[in-house]
4 protein chains.
Amino acid sequence: MENKRLLFLQSFIGKHFTGSPSPFAHWLNGKVISVEEKAVQFEFEIRKEMTNPVGMLHGGVTAGMIDDCIGVNFMVLGLEKFYPTINLYIDYFNPVFENQTVIVTTKLEKLGKTIINIKAEVTNKNTSKIVAQASANLALSDFKIPS
Amino acid sequence: MENKRLLFLQSFIGKHFTGSPSPFAHWLNGKVISVEEKAVQFEFEIRKEMTNPVGMLHGGVTAGMIDDCIGVNFMVLGLEKFYPTINLYIDYFNPVFENQTVIVTTKLEKLGKTIINIKAEVTNKNTSKIVAQASANLALSDFKIPS
Amino acid sequence: MENKRLLFLQSFIGKHFTGSPSPFAHWLNGKVISVEEKAVQFEFEIRKEMTNPVGMLHGGVTAGMIDDCIGVNFMVLGLEKFYPTINLYIDYFNPVFENQTVIVTTKLEKLGKTIINIKAEVTNKNTSKIVAQASANLALSDFKIPS
Amino acid sequence: MENKRLLFLQSFIGKHFTGSPSPFAHWLNGKVISVEEKAVQFEFEIRKEMTNPVGMLHGGVTAGMIDDCIGVNFMVLGLEKFYPTINLYIDYFNPVFENQTVIVTTKLEKLGKTIINIKAEVTNKNTSKIVAQASANLALSDFKIPS
């Protein structure tokens, strides 16, 4: 069976994901770097409104980017039912400053009948330093994803 | 010693925290409900740009609200040095929809020399259901908070 | 319907849970303090073989006690299917020493169709200090619990 | 400077770590597979007393093995001060049965002045399946490690 959602996302490689059905994703304004079923990669530029009082990328926005990319990776699996996030764990390692760019890479770790685990890593494109690492579990719901 | 940051935040009780030094906090646009050293409470209205593809509050924005309120609770402790977040753990329980309001309540659990632990709970004001619970650890840095 | 597992555990209140079907629980040798469907409380005495190189309760044993009590709390819910632990998160706060006693208290936070969340708190009975706090998610499996 | 603790542990490669200063480590009875400063690998055989009521490796014992190996990896860094574990996060993927063997591999992710992050992965040697993945943060204390 053709995976339409995967093909759709792949059509945005190298571009901002303006076709996202997620309003928050538009605010994050990520650029699609690479997409396959088991891994996706996005880039995000750090705008002033994404920073904290000391001028660094706000940890809450980092969390937002991670959760959004994990959601995209889930979507390209092509499943029929929606799997909401059950829990999200993040380790923060190094700061990022305004106007720098981060790369978020996700990786499918487990694809179970009930539970999906996806990990994420965030790196600073300008310094190559690791910014954060994360793990999320998603659980099957009754909610059908509209095609 | 007078805790100026606590008094400043308390001056916003019942109002949006327009005096926040955090650009991302302005985007979240939280209203201050109550503030003391060991606990703060904010309300956030869910705007369309905070939602995911299925019309619910995006888990990444929930994380952003949690991390922001934990940061505020840290700030009102009145410490001289900055404690960046080391890790953030979130359990997601129930969805929230556009135009609903969530209440984020934080609580200082541990105030150590090196490590601070703050927990958070998010509830849906419209339904009284719990939306998420979280725990974060912050660690002492050399960075002095500008007064 | 009578909850046989709850009644069985309650018959051990004030005693070591020698009737546990869990071999590891026998090694932990917990004493049942209180039991209801939504919360259980156990006490554990710290033996030398539970300590780390600096004479404190080993963080891995703390994790073992937490996971075991969460498992007991799940069992007394009286469900037919087994819910394995999907993830466990622990914050460590204060040390415990050999021959001291810890109290582990669990609390059912969410009882969903697919996901159950149970939290735990560990305190030092000798000092009343908090030792650790934890959260675990359990997910429905096909495995039927033998009656 | 010679890293004595690293050399000591390396002298046990291929053998059970009978020289461990940790009483709980003796109960776990791990065999040292490989050791370097940034990664250690241990094997553990699953004995009956390590199992849960349904005959699988108890999640609490898995946590114990993970925490113990993370502690060993910390020790071979050769630092003077003790860094207690601040938090431990574990995802559980697949069960392990009595008499099977698990391999625990740790990896130093961050070596900061105040915070150390070490990750761990547990695999089932008999089936090659992943059993669990984990992340822990350790924080600097005033406690000097006895030489």
# chains A, B, ... in the order shown; residues from 1 in each chain; ligands from 1
>>> closest_atom_pairs(of="chain A", to="chain B", cutoff="6 Å", atoms="only C-alpha atoms", output="Markdown table")
| residue | atom | partner | partner_atom | distance |
| --- | --- | --- | --- | --- |
| A:Pro21 | CA | B:Pro53 | CA | 4.9 |
| A:Ser22 | CA | B:Pro53 | CA | 4.3 |
| A:Pro23 | CA | B:Glu49 | CA | 4.6 |
| A:Phe24 | CA | B:Glu49 | CA | 4.9 |
| A:Glu49 | CA | B:Pro23 | CA | 4.6 |
| A:Met50 | CA | B:Phe24 | CA | 5.0 |
| A:Thr51 | CA | B:Phe24 | CA | 5.7 |
| A:Asn52 | CA | B:Ser22 | CA | 4.6 |
| A:Pro53 | CA | B:Ser22 | CA | 4.2 |
| A:Gly60 | CA | B:Gly64 | CA | 3.5 |
| A:Val61 | CA | B:Gly64 | CA | 5.7 |
| A:Ala63 | CA | B:Gly60 | CA | 5.6 |
| A:Gly64 | CA | B:Gly60 | CA | 3.5 |
| A:Asp67 | CA | B:Gly60 | CA | 5.1 |
| A:Ile86 | CA | B:Tyr92 | CA | 5.1 |
| A:Asn87 | CA | B:Asp91 | CA | 4.4 |
| A:Leu88 | CA | B:Ile90 | CA | 5.2 |
| A:Tyr89 | CA | B:Tyr89 | CA | 4.5 |
| A:Ile90 | CA | B:Leu88 | CA | 5.2 |
| A:Asp91 | CA | B:Asn87 | CA | 4.4 |
| A:Tyr92 | CA | B:Ile86 | CA | 5.1 |
>>> write_last_selection(atoms="N, CA and C atoms", output="PDB file, in the first residue's frame")
ATOM      1  N   PRO A  21      -0.520  20.011   8.692  1.00  0.00           N
ATOM      2  CA  PRO A  21      -1.872  20.225   9.225  1.00  0.00           C
ATOM      3  C   PRO A  21      -1.847  20.726  10.673  1.00  0.00           C
ATOM      4  N   SER A  22      -0.658  20.954  11.240  1.00  0.00           N
ATOM      5  CA  SER A  22      -0.543  21.352  12.652  1.00  0.00           C
ATOM      6  C   SER A  22      -0.276  22.844  12.773  1.00  0.00           C
ATOM      7  N   PRO A  23      -1.226  23.599  13.333  1.00  0.00           N
ATOM      8  CA  PRO A  23      -1.007  25.037  13.509  1.00  0.00           C
ATOM      9  C   PRO A  23       0.285  25.357  14.274  1.00  0.00           C
ATOM     10  N   PHE A  24       0.592  24.606  15.316  1.00  0.00           N
ATOM     11  CA  PHE A  24       1.808  24.894  16.085  1.00  0.00           C
ATOM     12  C   PHE A  24       3.058  24.651  15.226  1.00  0.00           C
ATOM     13  N   GLU A  49      11.212  35.225  19.645  1.00  0.00           N
ATOM     14  CA  GLU A  49      10.050  34.781  20.434  1.00  0.00           C
ATOM     15  C   GLU A  49      10.178  33.330  20.928  1.00  0.00           C
ATOM     16  N   MET A  50      11.270  32.660  20.543  1.00  0.00           N
ATOM     17  CA  MET A  50      11.524  31.296  21.018  1.00  0.00           C
ATOM     18  C   MET A  50      12.524  31.268  22.176  1.00  0.00           C
ATOM     19  N   THR A  51      12.925  32.451  22.651  1.00  0.00           N
ATOM     20  CA  THR A  51      14.002  32.489  23.649  1.00  0.00           C
ATOM     21  C   THR A  51      13.487  32.717  25.072  1.00  0.00           C
ATOM     22  N   ASN A  52      14.393  32.489  26.011  1.00  0.00           N
ATOM     23  CA  ASN A  52      14.086  32.694  27.442  1.00  0.00           C
ATOM     24  C   ASN A  52      14.693  34.025  27.915  1.00  0.00           C
ATOM     25  N   PRO A  53      14.547  34.348  29.199  1.00  0.00           N
ATOM     26  CA  PRO A  53      15.019  35.667  29.664  1.00  0.00           C
ATOM     27  C   PRO A  53      16.521  35.887  29.487  1.00  0.00           C
ATOM     28  N   GLY A  60      11.210  25.064  26.811  1.00  0.00           N
ATOM     29  CA  GLY A  60       9.855  24.678  26.433  1.00  0.00           C
ATOM     30  C   GLY A  60       9.670  24.645  24.931  1.00  0.00           C
ATOM     31  N   VAL A  61      10.396  25.495  24.221  1.00  0.00           N
ATOM     32  CA  VAL A  61      10.307  25.474  22.750  1.00  0.00           C
ATOM     33  C   VAL A  61      11.083  24.277  22.205  1.00  0.00           C
ATOM     34  N   ALA A  63      11.304  21.515  23.705  1.00  0.00           N
ATOM     35  CA  ALA A  63      10.350  20.430  23.934  1.00  0.00           C
ATOM     36  C   ALA A  63       9.276  20.428  22.848  1.00  0.00           C
ATOM     37  N   GLY A  64       8.836  21.611  22.451  1.00  0.00           N
ATOM     38  CA  GLY A  64       7.835  21.720  21.399  1.00  0.00           C
ATOM     39  C   GLY A  64       8.339  21.178  20.074  1.00  0.00           C
ATOM     40  N   ASP A  67       8.584  17.307  20.379  1.00  0.00           N
ATOM     41  CA  ASP A  67       7.268  16.669  20.340  1.00  0.00           C
ATOM     42  C   ASP A  67       6.658  16.765  18.947  1.00  0.00           C
ATOM     43  N   ILE A  86       2.033   9.570  25.426  1.00  0.00           N
ATOM     44  CA  ILE A  86       1.756   9.177  26.806  1.00  0.00           C
ATOM     45  C   ILE A  86       2.741   9.842  27.759  1.00  0.00           C
ATOM     46  N   ASN A  87       4.004   9.850  27.338  1.00  0.00           N
ATOM     47  CA  ASN A  87       5.005  10.531  28.173  1.00  0.00           C
ATOM     48  C   ASN A  87       6.165  10.994  27.315  1.00  0.00           C
ATOM     49  N   LEU A  88       6.814  12.026  27.788  1.00  0.00           N
ATOM     50  CA  LEU A  88       7.954  12.626  27.087  1.00  0.00           C
ATOM     51  C   LEU A  88       9.045  12.885  28.107  1.00  0.00           C
ATOM     52  N   TYR A  89      10.250  12.413  27.801  1.00  0.00           N
ATOM     53  CA  TYR A  89      11.392  12.642  28.693  1.00  0.00           C
ATOM     54  C   TYR A  89      12.486  13.359  27.909  1.00  0.00           C
ATOM     55  N   ILE A  90      13.025  14.433  28.484  1.00  0.00           N
ATOM     56  CA  ILE A  90      14.063  15.218  27.801  1.00  0.00           C
ATOM     57  C   ILE A  90      15.245  15.476  28.734  1.00  0.00           C
ATOM     58  N   ASP A  91      16.461  15.252  28.231  1.00  0.00           N
ATOM     59  CA  ASP A  91      17.689  15.724  28.879  1.00  0.00           C
ATOM     60  C   ASP A  91      18.190  16.932  28.099  1.00  0.00           C
ATOM     61  N   TYR A  92      18.502  18.009  28.812  1.00  0.00           N
ATOM     62  CA  TYR A  92      19.040  19.211  28.176  1.00  0.00           C
ATOM     63  C   TYR A  92      20.550  19.276  28.399  1.00  0.00           C
TER      64      TYR A  92
END
>>> select_by_dssp(residues="chain D", states="strand (DSSP E or B)", output="JSON, numbers by chain")
{"D": [13, 16, 31, 32, 33, 34, 35, 36, 39, 40, 41, 42, 43, 44, 45, 51, 56, 57, 81, 85, 86, 87, 88, 89, 90, 91, 92, 97, 101, 102, 103, 104, 105, 106, 107, 108, 109, 110, 111, 115, 116, 117, 118, 119, 120, 121, 122, 123, 124, 130, 131, 132, 133, 134, 135, 136, 137, 138, 139, 144]}
>>> select_by_dssp(residues="stretch 36-143 of chain A", states="alpha helix (DSSP H)", output="PyMOL selection string")
chain A and resi 59-75
>>> closest_residue(among="B:Gly19, B:Ile33, B:Tyr83, B:Met75", to="B:Ile116", atoms="only C-alpha atoms")
B:Tyr83
>>> decode(residues="stretch 122-144 of chain C", atoms="N, CA and C atoms", output="PDB file, in the first residue's frame")
ATOM      1  N   VAL C 122       8.895   7.746  48.076  1.00  0.00           N
ATOM      2  CA  VAL C 122       9.663   6.978  49.052  1.00  0.00           C
ATOM      3  C   VAL C 122      10.142   7.936  50.134  1.00  0.00           C
ATOM      4  N   THR C 123       9.878   7.601  51.392  1.00  0.00           N
ATOM      5  CA  THR C 123      10.380   8.443  52.487  1.00  0.00           C
ATOM      6  C   THR C 123      11.193   7.587  53.446  1.00  0.00           C
ATOM      7  N   ASN C 124      12.095   8.260  54.143  1.00  0.00           N
ATOM      8  CA  ASN C 124      12.930   7.612  55.144  1.00  0.00           C
ATOM      9  C   ASN C 124      12.171   7.654  56.469  1.00  0.00           C
ATOM     10  N   LYS C 125      11.795   6.479  56.977  1.00  0.00           N
ATOM     11  CA  LYS C 125      10.990   6.437  58.200  1.00  0.00           C
ATOM     12  C   LYS C 125      11.760   6.993  59.397  1.00  0.00           C
ATOM     13  N   ASN C 126      13.083   6.850  59.367  1.00  0.00           N
ATOM     14  CA  ASN C 126      13.900   7.299  60.502  1.00  0.00           C
ATOM     15  C   ASN C 126      14.073   8.807  60.549  1.00  0.00           C
ATOM     16  N   THR C 127      14.081   9.442  59.386  1.00  0.00           N
ATOM     17  CA  THR C 127      14.354  10.884  59.333  1.00  0.00           C
ATOM     18  C   THR C 127      13.168  11.685  58.810  1.00  0.00           C
ATOM     19  N   SER C 128      12.169  11.013  58.272  1.00  0.00           N
ATOM     20  CA  SER C 128      11.001  11.636  57.631  1.00  0.00           C
ATOM     21  C   SER C 128      11.349  12.376  56.340  1.00  0.00           C
ATOM     22  N   LYS C 129      12.596  12.295  55.900  1.00  0.00           N
ATOM     23  CA  LYS C 129      12.976  12.976  54.655  1.00  0.00           C
ATOM     24  C   LYS C 129      12.480  12.201  53.436  1.00  0.00           C
ATOM     25  N   ILE C 130      12.207  12.949  52.355  1.00  0.00           N
ATOM     26  CA  ILE C 130      11.813  12.286  51.117  1.00  0.00           C
ATOM     27  C   ILE C 130      13.062  11.714  50.443  1.00  0.00           C
ATOM     28  N   VAL C 131      12.956  10.480  50.002  1.00  0.00           N
ATOM     29  CA  VAL C 131      14.080   9.764  49.392  1.00  0.00           C
ATOM     30  C   VAL C 131      13.989   9.818  47.869  1.00  0.00           C
ATOM     31  N   ALA C 132      12.785   9.641  47.350  1.00  0.00           N
ATOM     32  CA  ALA C 132      12.610   9.592  45.903  1.00  0.00           C
ATOM     33  C   ALA C 132      11.141   9.773  45.556  1.00  0.00           C
ATOM     34  N   GLN C 133      10.906  10.233  44.341  1.00  0.00           N
ATOM     35  CA  GLN C 133       9.540  10.270  43.812  1.00  0.00           C
ATOM     36  C   GLN C 133       9.593   9.654  42.418  1.00  0.00           C
ATOM     37  N   ALA C 134       8.475   9.054  41.990  1.00  0.00           N
ATOM     38  CA  ALA C 134       8.502   8.315  40.734  1.00  0.00           C
ATOM     39  C   ALA C 134       7.146   8.318  40.049  1.00  0.00           C
ATOM     40  N   SER C 135       7.194   8.063  38.743  1.00  0.00           N
ATOM     41  CA  SER C 135       5.968   7.912  37.951  1.00  0.00           C
ATOM     42  C   SER C 135       6.180   6.779  36.965  1.00  0.00           C
ATOM     43  N   ALA C 136       5.157   5.938  36.791  1.00  0.00           N
ATOM     44  CA  ALA C 136       5.263   4.847  35.821  1.00  0.00           C
ATOM     45  C   ALA C 136       3.980   4.748  35.011  1.00  0.00           C
ATOM     46  N   ASN C 137       4.143   4.418  33.730  1.00  0.00           N
ATOM     47  CA  ASN C 137       2.995   4.113  32.880  1.00  0.00           C
ATOM     48  C   ASN C 137       3.009   2.637  32.553  1.00  0.00           C
ATOM     49  N   LEU C 138       1.832   2.018  32.617  1.00  0.00           N
ATOM     50  CA  LEU C 138       1.658   0.602  32.315  1.00  0.00           C
ATOM     51  C   LEU C 138       0.681   0.514  31.152  1.00  0.00           C
ATOM     52  N   ALA C 139       0.884  -0.442  30.254  1.00  0.00           N
ATOM     53  CA  ALA C 139       0.010  -0.529  29.078  1.00  0.00           C
ATOM     54  C   ALA C 139      -0.596  -1.913  28.952  1.00  0.00           C
ATOM     55  N   LEU C 140      -1.842  -1.925  28.561  1.00  0.00           N
ATOM     56  CA  LEU C 140      -2.616  -3.150  28.354  1.00  0.00           C
ATOM     57  C   LEU C 140      -1.880  -4.145  27.448  1.00  0.00           C
ATOM     58  N   SER C 141      -1.858  -5.416  27.852  1.00  0.00           N
ATOM     59  CA  SER C 141      -1.326  -6.476  26.990  1.00  0.00           C
ATOM     60  C   SER C 141      -2.408  -7.522  26.768  1.00  0.00           C
ATOM     61  N   ASP C 142      -2.116  -8.511  25.930  1.00  0.00           N
ATOM     62  CA  ASP C 142      -3.052  -9.615  25.688  1.00  0.00           C
ATOM     63  C   ASP C 142      -2.968 -10.678  26.777  1.00  0.00           C
ATOM     64  N   PHE C 143      -1.944 -10.544  27.629  1.00  0.00           N
ATOM     65  CA  PHE C 143      -1.640 -11.586  28.600  1.00  0.00           C
ATOM     66  C   PHE C 143      -2.659 -11.591  29.751  1.00  0.00           C
ATOM     67  N   LYS C 144      -3.368 -12.714  29.925  1.00  0.00           N
ATOM     68  CA  LYS C 144      -4.353 -12.818  31.000  1.00  0.00           C
ATOM     69  C   LYS C 144      -3.678 -13.189  32.322  1.00  0.00           C
TER      70      LYS C 144
END
